[in-house]
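Below: one structure, written as structure tokens.
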Amino acid sequence: MYATAASIERLKPPGRRAFLPWLLMLTPDARHLFDGGTPLPWLGALGLVVFAGFYVAAVFTGLDPRRRPTRTPVLALAGLATVTLALGIGYAGNWLLCFPLLSLATGIVLRGRRHLGPVILSFAGAAGVIASVRGGASDSLTVGYGTVLSGLVTAAILSLFETVAQLRATRQELARTAVEKERLRFSRDLHDLLGHTMSVVVVKAEAVRRLAPRDLEAALGQAADIEAVGRQALTEIREAVTGYREGSLDTELDRARSALDASGIEADVHRSGPPLSPQAEALLGWVVREGVTNVVRHSGATRCEIDVRGGIDRVRLVITDNGSGVGSRAAGESDSGGTGLKGLAERLSAAGGSLESGPDGRRGFRLVAELPVDTEDPVESAEGVRTT
């Protein structure tokens, strides 16, 4: 369920002004300053004003992300503690309510720090001692309990809100990463699908043009192949869009043989070894598709050999041709700006494999891909996003 704007608003931590109404707890003390019930009322009024100033400073700076790491909140808290002790010792009575407010400010300033508990307990102990000396045992327990509770509860609530905010930010980052991975999957699939398919269509269209004047039946056969390739491409694009495309290595090898034959390149395809996992089949199928596309479009070769050999732990795919050796341009600088074999190399590397390419001796080009036999597509397993 997606959070609405109202629910997100409710998840926000309390603001700085939310803690100001707690100063109303000192209203009885302020009233006694004017009814003659407090000795040296001017000193009490001064202490009350200074207490309120330090309290506001500690709360505001403790809730300010930029100023909290500085010494300002701690200095304001130290001033607040000094005034609280002075008022408690000098007047006692209702003035002991300054201790729960001091503890509340302590929970704001020192939340998440190791010495939060000892500091609050020391304030509670001081409040209990003063109340016991100036009042009674019942007052001591009440003030001490209120002091401990106000500080710890405030720190716990604020820490909880901060944790929720961090979790929300992490979830948004994970969602953004999942979207980026899905876009990468989609762009790679479209590049590999359309690049190979259009190359086959172009080759077969050229064959139709060459055969039409002298062999109409053969030309019609090539035209039928173009129709079949187009229909298959539409199906594959739909599957790639939904993210449920499982590549078959045998299917890609058959298509590679057909594309090579149609372009006049002798194809020599071999496969041996145990069955592979669906993920390994899909990844090697992409390598065959992209490698053969580069042979047809860039190599000028007359012969291409594809050899797949599976072992106990790893499978090895080798594509070689006897062309001009310009396949490296396609591997690193494809027409779409380098998203062909470079993207496949990233996929294989993430799955524990490797992809190497380069000139094969004096003439030709060689492409070698290796994968663990039981490999797992890393992007498919991350964030629930499926990549093929």
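In the structure tokens, chains take letters A, B, ... by order of appearance, with residues numbered from 1 within each chain and ligands from 1 in the order shown.
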Item to check | Shell of 6 Å around segment 302-318 of chain A, only C-alpha atoms, local chain residues under 4 positions omitted, as a ChimeraX atom specification | outcome: /A:265-273,322,367-373
Export N, CA and C atoms of the chosen residues as a PDB file, in the first residue's frame?
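So the final result, stored in part_34.pdb, reads:
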```
ATOM      1  N   ILE A 265      28.375 -16.664 -45.374  1.00  0.00           N
ATOM      2  CA  ILE A 265      29.475 -17.025 -44.482  1.00  0.00           C
ATOM      3  C   ILE A 265      29.298 -18.481 -44.064  1.00  0.00           C
ATOM      4  N   GLU A 266      30.331 -19.278 -44.259  1.00  0.00           N
ATOM      5  CA  GLU A 266      30.264 -20.681 -43.879  1.00  0.00           C
ATOM      6  C   GLU A 266      30.212 -20.792 -42.356  1.00  0.00           C
ATOM      7  N   ALA A 267      29.235 -21.501 -41.846  1.00  0.00           N
ATOM      8  CA  ALA A 267      29.042 -21.627 -40.402  1.00  0.00           C
ATOM      9  C   ALA A 267      29.460 -23.012 -39.935  1.00  0.00           C
ATOM     10  N   ASP A 268      30.242 -23.061 -38.874  1.00  0.00           N
ATOM     11  CA  ASP A 268      30.691 -24.312 -38.266  1.00  0.00           C
ATOM     12  C   ASP A 268      30.363 -24.228 -36.770  1.00  0.00           C
ATOM     13  N   VAL A 269      29.269 -24.910 -36.380  1.00  0.00           N
ATOM     14  CA  VAL A 269      28.745 -24.787 -35.026  1.00  0.00           C
ATOM     15  C   VAL A 269      28.885 -26.121 -34.301  1.00  0.00           C
ATOM     16  N   HIS A 270      29.450 -26.083 -33.094  1.00  0.00           N
ATOM     17  CA  HIS A 270      29.614 -27.276 -32.269  1.00  0.00           C
ATOM     18  C   HIS A 270      29.160 -26.960 -30.846  1.00  0.00           C
ATOM     19  N   ARG A 271      28.520 -27.966 -30.226  1.00  0.00           N
ATOM     20  CA  ARG A 271      28.168 -27.823 -28.820  1.00  0.00           C
ATOM     21  C   ARG A 271      28.323 -29.167 -28.123  1.00  0.00           C
ATOM     22  N   SER A 272      28.928 -29.136 -26.935  1.00  0.00           N
ATOM     23  CA  SER A 272      29.120 -30.347 -26.154  1.00  0.00           C
ATOM     24  C   SER A 272      29.067 -29.994 -24.672  1.00  0.00           C
ATOM     25  N   GLY A 273      28.846 -31.008 -23.838  1.00  0.00           N
ATOM     26  CA  GLY A 273      28.823 -30.774 -22.405  1.00  0.00           C
ATOM     27  C   GLY A 273      27.453 -30.995 -21.804  1.00  0.00           C
ATOM     28  N   ASN A 322      37.365 -15.524 -39.897  1.00  0.00           N
ATOM     29  CA  ASN A 322      38.568 -15.257 -40.672  1.00  0.00           C
ATOM     30  C   ASN A 322      38.476 -13.935 -41.422  1.00  0.00           C
ATOM     31  N   LEU A 367      36.185 -14.191 -30.050  1.00  0.00           N
ATOM     32  CA  LEU A 367      35.363 -13.795 -28.914  1.00  0.00           C
ATOM     33  C   LEU A 367      35.230 -15.000 -27.989  1.00  0.00           C
ATOM     34  N   VAL A 368      35.609 -14.833 -26.711  1.00  0.00           N
ATOM     35  CA  VAL A 368      35.604 -15.937 -25.753  1.00  0.00           C
ATOM     36  C   VAL A 368      34.778 -15.529 -24.541  1.00  0.00           C
ATOM     37  N   ALA A 369      33.775 -16.357 -24.208  1.00  0.00           N
ATOM     38  CA  ALA A 369      32.945 -16.118 -23.030  1.00  0.00           C
ATOM     39  C   ALA A 369      32.994 -17.346 -22.139  1.00  0.00           C
ATOM     40  N   GLU A 370      33.122 -17.109 -20.828  1.00  0.00           N
ATOM     41  CA  GLU A 370      33.119 -18.186 -19.848  1.00  0.00           C
ATOM     42  C   GLU A 370      32.129 -17.861 -18.744  1.00  0.00           C
ATOM     43  N   LEU A 371      31.464 -18.935 -18.256  1.00  0.00           N
ATOM     44  CA  LEU A 371      30.464 -18.773 -17.192  1.00  0.00           C
ATOM     45  C   LEU A 371      30.493 -19.986 -16.277  1.00  0.00           C
ATOM     46  N   PRO A 372      30.164 -19.808 -15.002  1.00  0.00           N
ATOM     47  CA  PRO A 372      29.916 -20.981 -14.158  1.00  0.00           C
ATOM     48  C   PRO A 372      28.723 -21.760 -14.687  1.00  0.00           C
ATOM     49  N   VAL A 373      28.761 -23.083 -14.534  1.00  0.00           N
ATOM     50  CA  VAL A 373      27.668 -23.909 -15.056  1.00  0.00           C
ATOM     51  C   VAL A 373      26.354 -23.572 -14.375  1.00  0.00           C
TER      52      VAL A 373
END
```
Item to check | Contacts of Val287 of chain A at 8 Å (only C-alpha atoms; same-chain gap of 2+ positions) as number ranges by chain | outcome: A: 283-285, 289-291, 341, 344, 369
Checklist entry - Any idea what's packed within 8 Å of Val148 of chain A, counting only C-alpha atoms, ignoring anything in its chain fewer than 2 positions away? Could you give it as an MDAnalysis selection string? => result chainID A and resid 100 103 120:121 124 144:146 150:152
Item to check | Shell around segment 90-93 of chain A at 7 Å using only C-alpha atoms, local window under 4 positions removed, as a list in words | outcome: Ala86, Ala131 and Arg134 of chain A
Expected file: the selected residues, C-alpha atoms, as a PDB file, in the first residue's frame:
```pdb
ATOM      1  CA  ALA A  86      20.024  26.566  41.481  1.00  0.00           C
ATOM      2  CA  ALA A 131      13.011  16.804  46.988  1.00  0.00           C
ATOM      3  CA  ARG A 134      13.255  19.951  51.129  1.00  0.00           C
TER       4      ARG A 134
END
```
Checklist entry - Which polymer residues have any atom within 6 Å of an atom of Val59 of chain A, counting only C-alpha atoms, with same-chain residues fewer than 3 positions away left out, as a VMD selection string? => result chain A and resid 56 62 105
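What separates atom CA of Arg114 of chain A from atom CA of Val164 of chain A is a distance of 20.7 Å.
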